[in-house]
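Undergrad: Sharing a structure with you now.
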Amino acid sequence: MKIGIASDHAGFELKEYLKEQIKKQGYEVIDYGISVKKVVDYPDYAEKVAKGIQKKEIDFGILICGTGIGMSICANKFKGIRAARCCSTYDALLAREHNDANVLTLGGRLIGKELAFEISLTFLSTHFTKGRHLRRVNKIKKLENVENQY
Ligand code: RB5
């Protein structure tokens, strides 16, 4: 399974930590930046990971900014992306089981690195339940259609 990861400056240290920990678990990780700590704009990095999923370069994305909120707002603008900002392992479990989320967003200024790792592992190892949730995710996909845009 291929994981794309990216952050802005506020998530850089957590990204570097998670990248190595997730690799140790046997996942292939593609780092979409930033590669050195510098002030950047989080939408640019959300876009890289979202497009990575759209192009099937990666199966899942992890995006880290200060709160995880900006990354989540941006990633969810892209067709086919269901980004969930998770602050607990239970968030991550349900984001996968019920919402079939394909991008996890984390707040580098909000949570510790061990919790962020546990959240990431939960997200990556949990399967979509389907059943009644598939009907709802299909309705999310219908909302992406152009006729719903103003
Ligand atoms: C950057 O200062 C900060 O605004 C950003 O990392 C993020 O938290 C936005 O949602």
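So you can find residues: chains in the structure tokens are A, B, ... in the order shown, residues in each start at 1, and ligands are numbered from 1 in order.
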Using only C-alpha atoms and all ligand atoms, find each residue with an atom at most 10 Å away from ligand 1 and format the answer as a PyMOL selection string.

TA: chain A and resi 7-12+39-43+64-74+106-110

Undergrad: List the neighbours of Leu124 of chain A out to 10 Å using only C-alpha atoms; skip same-chain residues closer than 6 positions along the sequence, and give me the result as a list in words.

TA: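 Counting only C-alpha atoms, the residues come to Met1, Ile3, Ile22, Tyr27, Asp59, Phe60, Gly61, Ile62, Ala92, Leu93, Arg96, Asn102, Val103, Leu104 and Glu118 of chain A.
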
Undergrad: Would you please give, as a list of chain:residue names, all residues of segment 57-101 of chain A that DSSP assigns to strand (DSSP E or B) based on the backbone?

TA: A:Phe60, A:Gly61, A:Ile62, A:Leu63, A:Ile64, A:Cys65, A:Ala83, A:Ala84, A:Arg85

Undergrad: Please produce a file of the residues just selected, as a short mmCIF file (atom, residue, chain, number, x, y, z; two decimals), in the first residue's frame, where the atoms kept are N, CA, C and O atoms.

TA:
```
data_model
loop_
_atom_site.label_atom_id
_atom_site.label_comp_id
_atom_site.auth_asym_id
_atom_site.auth_seq_id
_atom_site.Cartn_x
_atom_site.Cartn_y
_atom_site.Cartn_z
N PHE A 60 -3.56 6.22 -0.14
CA PHE A 60 -4.05 7.08 0.93
C PHE A 60 -3.10 8.27 1.11
O PHE A 60 -1.92 8.18 0.76
N GLY A 61 -3.65 9.35 1.68
CA GLY A 61 -2.83 10.52 1.96
C GLY A 61 -2.86 10.89 3.43
O GLY A 61 -3.86 10.65 4.12
N ILE A 62 -1.77 11.47 3.88
CA ILE A 62 -1.71 12.06 5.23
C ILE A 62 -1.21 13.48 5.05
O ILE A 62 -0.15 13.70 4.45
N LEU A 63 -2.00 14.43 5.53
CA LEU A 63 -1.66 15.86 5.39
C LEU A 63 -1.61 16.49 6.77
O LEU A 63 -2.54 16.33 7.57
N ILE A 64 -0.55 17.25 7.02
CA ILE A 64 -0.37 17.84 8.35
C ILE A 64 -0.12 19.33 8.22
O ILE A 64 0.79 19.77 7.51
N CYS A 65 -0.96 20.10 8.91
CA CYS A 65 -0.71 21.54 9.05
C CYS A 65 -0.79 21.84 10.54
O CYS A 65 -0.65 20.93 11.35
N ALA A 83 -11.43 13.66 2.87
CA ALA A 83 -10.41 13.93 3.89
C ALA A 83 -11.07 14.09 5.25
O ALA A 83 -12.11 14.75 5.38
N ALA A 84 -10.48 13.47 6.25
CA ALA A 84 -11.00 13.56 7.61
C ALA A 84 -9.91 14.05 8.55
O ALA A 84 -8.82 13.46 8.60
N ARG A 85 -10.23 15.10 9.25
CA ARG A 85 -9.30 15.59 10.28
C ARG A 85 -9.59 14.79 11.56
O ARG A 85 -10.69 14.81 12.09
#
```

Undergrad: Can you tell me, as a PyMOL selection string, which residues in chain A count as helix (DSSP H, G or I) by DSSP?

TA: chain A and resi 9-24+42-54+69-75+89-97+113-125+132-143+146-148

Undergrad: Using only C-alpha atoms, which of the listed residues (A:Thr105, A:Asn99, A:Ser120, A:Asn148) sits closest to Arg135 of chain A?

TA: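 Among the listed residues, A:Asn99 lies closest to Arg135 of chain A.
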
Undergrad: Could you check the closest approach to Ile34 of chain A for each of A:Lys51, A:Ala6, A:Gln149, A:Lys56 and tell me which residue wins, using only C-alpha atoms?

TA: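 Nearest to Ile34 of chain A: A:Ala6.
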
Undergrad: So which residues touch Ile58 of chain A within 6 Å, counting only C-alpha atoms, skipping near sequence neighbours fewer than 4 positions away, as a PDB file with all heavy atoms, in the first residue's frame?

TA:
```
ATOM      1  N   LYS A   2       0.518   2.197  -0.878  1.00  0.00           N
ATOM      2  CA  LYS A   2       1.337   3.414  -0.998  1.00  0.00           C
ATOM      3  C   LYS A   2       0.651   4.587  -0.292  1.00  0.00           C
ATOM      4  O   LYS A   2      -0.534   4.859  -0.554  1.00  0.00           O
ATOM      5  CB  LYS A   2       1.529   3.777  -2.459  1.00  0.00           C
ATOM      6  CG  LYS A   2       2.547   2.923  -3.170  1.00  0.00           C
ATOM      7  CD  LYS A   2       2.844   3.519  -4.529  1.00  0.00           C
ATOM      8  CE  LYS A   2       3.612   2.537  -5.387  1.00  0.00           C
ATOM      9  NZ  LYS A   2       3.766   2.991  -6.751  1.00  0.00           N
ATOM     10  N   ILE A   3       1.422   5.271   0.525  1.00  0.00           N
ATOM     11  CA  ILE A   3       0.906   6.393   1.302  1.00  0.00           C
ATOM     12  C   ILE A   3       1.623   7.665   0.853  1.00  0.00           C
ATOM     13  O   ILE A   3       2.856   7.705   0.814  1.00  0.00           O
ATOM     14  CB  ILE A   3       1.191   6.199   2.820  1.00  0.00           C
ATOM     15  CG1 ILE A   3       0.865   4.772   3.289  1.00  0.00           C
ATOM     16  CG2 ILE A   3       0.472   7.268   3.646  1.00  0.00           C
ATOM     17  CD1 ILE A   3      -0.529   4.319   3.056  1.00  0.00           C
ATOM     18  N   GLY A   4       0.860   8.710   0.555  1.00  0.00           N
ATOM     19  CA  GLY A   4       1.451  10.020   0.272  1.00  0.00           C
ATOM     20  C   GLY A   4       1.346  10.876   1.518  1.00  0.00           C
ATOM     21  O   GLY A   4       0.315  10.869   2.210  1.00  0.00           O
ATOM     22  N   GLY A  52      -2.233  13.203  -6.279  1.00  0.00           N
ATOM     23  CA  GLY A  52      -1.558  11.893  -6.207  1.00  0.00           C
ATOM     24  C   GLY A  52      -2.575  10.766  -6.098  1.00  0.00           C
ATOM     25  O   GLY A  52      -2.432   9.713  -6.726  1.00  0.00           O
ATOM     26  N   ILE A  53      -3.619  10.995  -5.315  1.00  0.00           N
ATOM     27  CA  ILE A  53      -4.684   9.981  -5.196  1.00  0.00           C
ATOM     28  C   ILE A  53      -5.477   9.921  -6.496  1.00  0.00           C
ATOM     29  O   ILE A  53      -5.754   8.830  -7.013  1.00  0.00           O
ATOM     30  CB  ILE A  53      -5.605  10.290  -3.998  1.00  0.00           C
ATOM     31  CG1 ILE A  53      -4.837  10.064  -2.692  1.00  0.00           C
ATOM     32  CG2 ILE A  53      -6.868   9.412  -4.036  1.00  0.00           C
ATOM     33  CD1 ILE A  53      -5.618  10.347  -1.444  1.00  0.00           C
TER      34      ILE A  53
END
```

Undergrad: Which is closest to Asn145 of chain A among A:Thr126, A:Gly80, A:Gly112, A:Ala75, if we use only C-alpha atoms?

TA: A:Gly80

Undergrad: Between A:Ala50, A:Ile5, A:His133, A:Lys55, which is the closest to Leu94 of chain A once you count only C-alpha atoms?

TA: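 Closest to Leu94 of chain A of all the choices is A:His133.
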
Undergrad: Counting only C-alpha atoms, figure out which residue out of A:Lys141, A:Tyr45, A:Cys86, A:Arg136 gets nearest to Phe117 of chain A.

TA: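 Smallest distance to Phe117 of chain A is found for A:Cys86.
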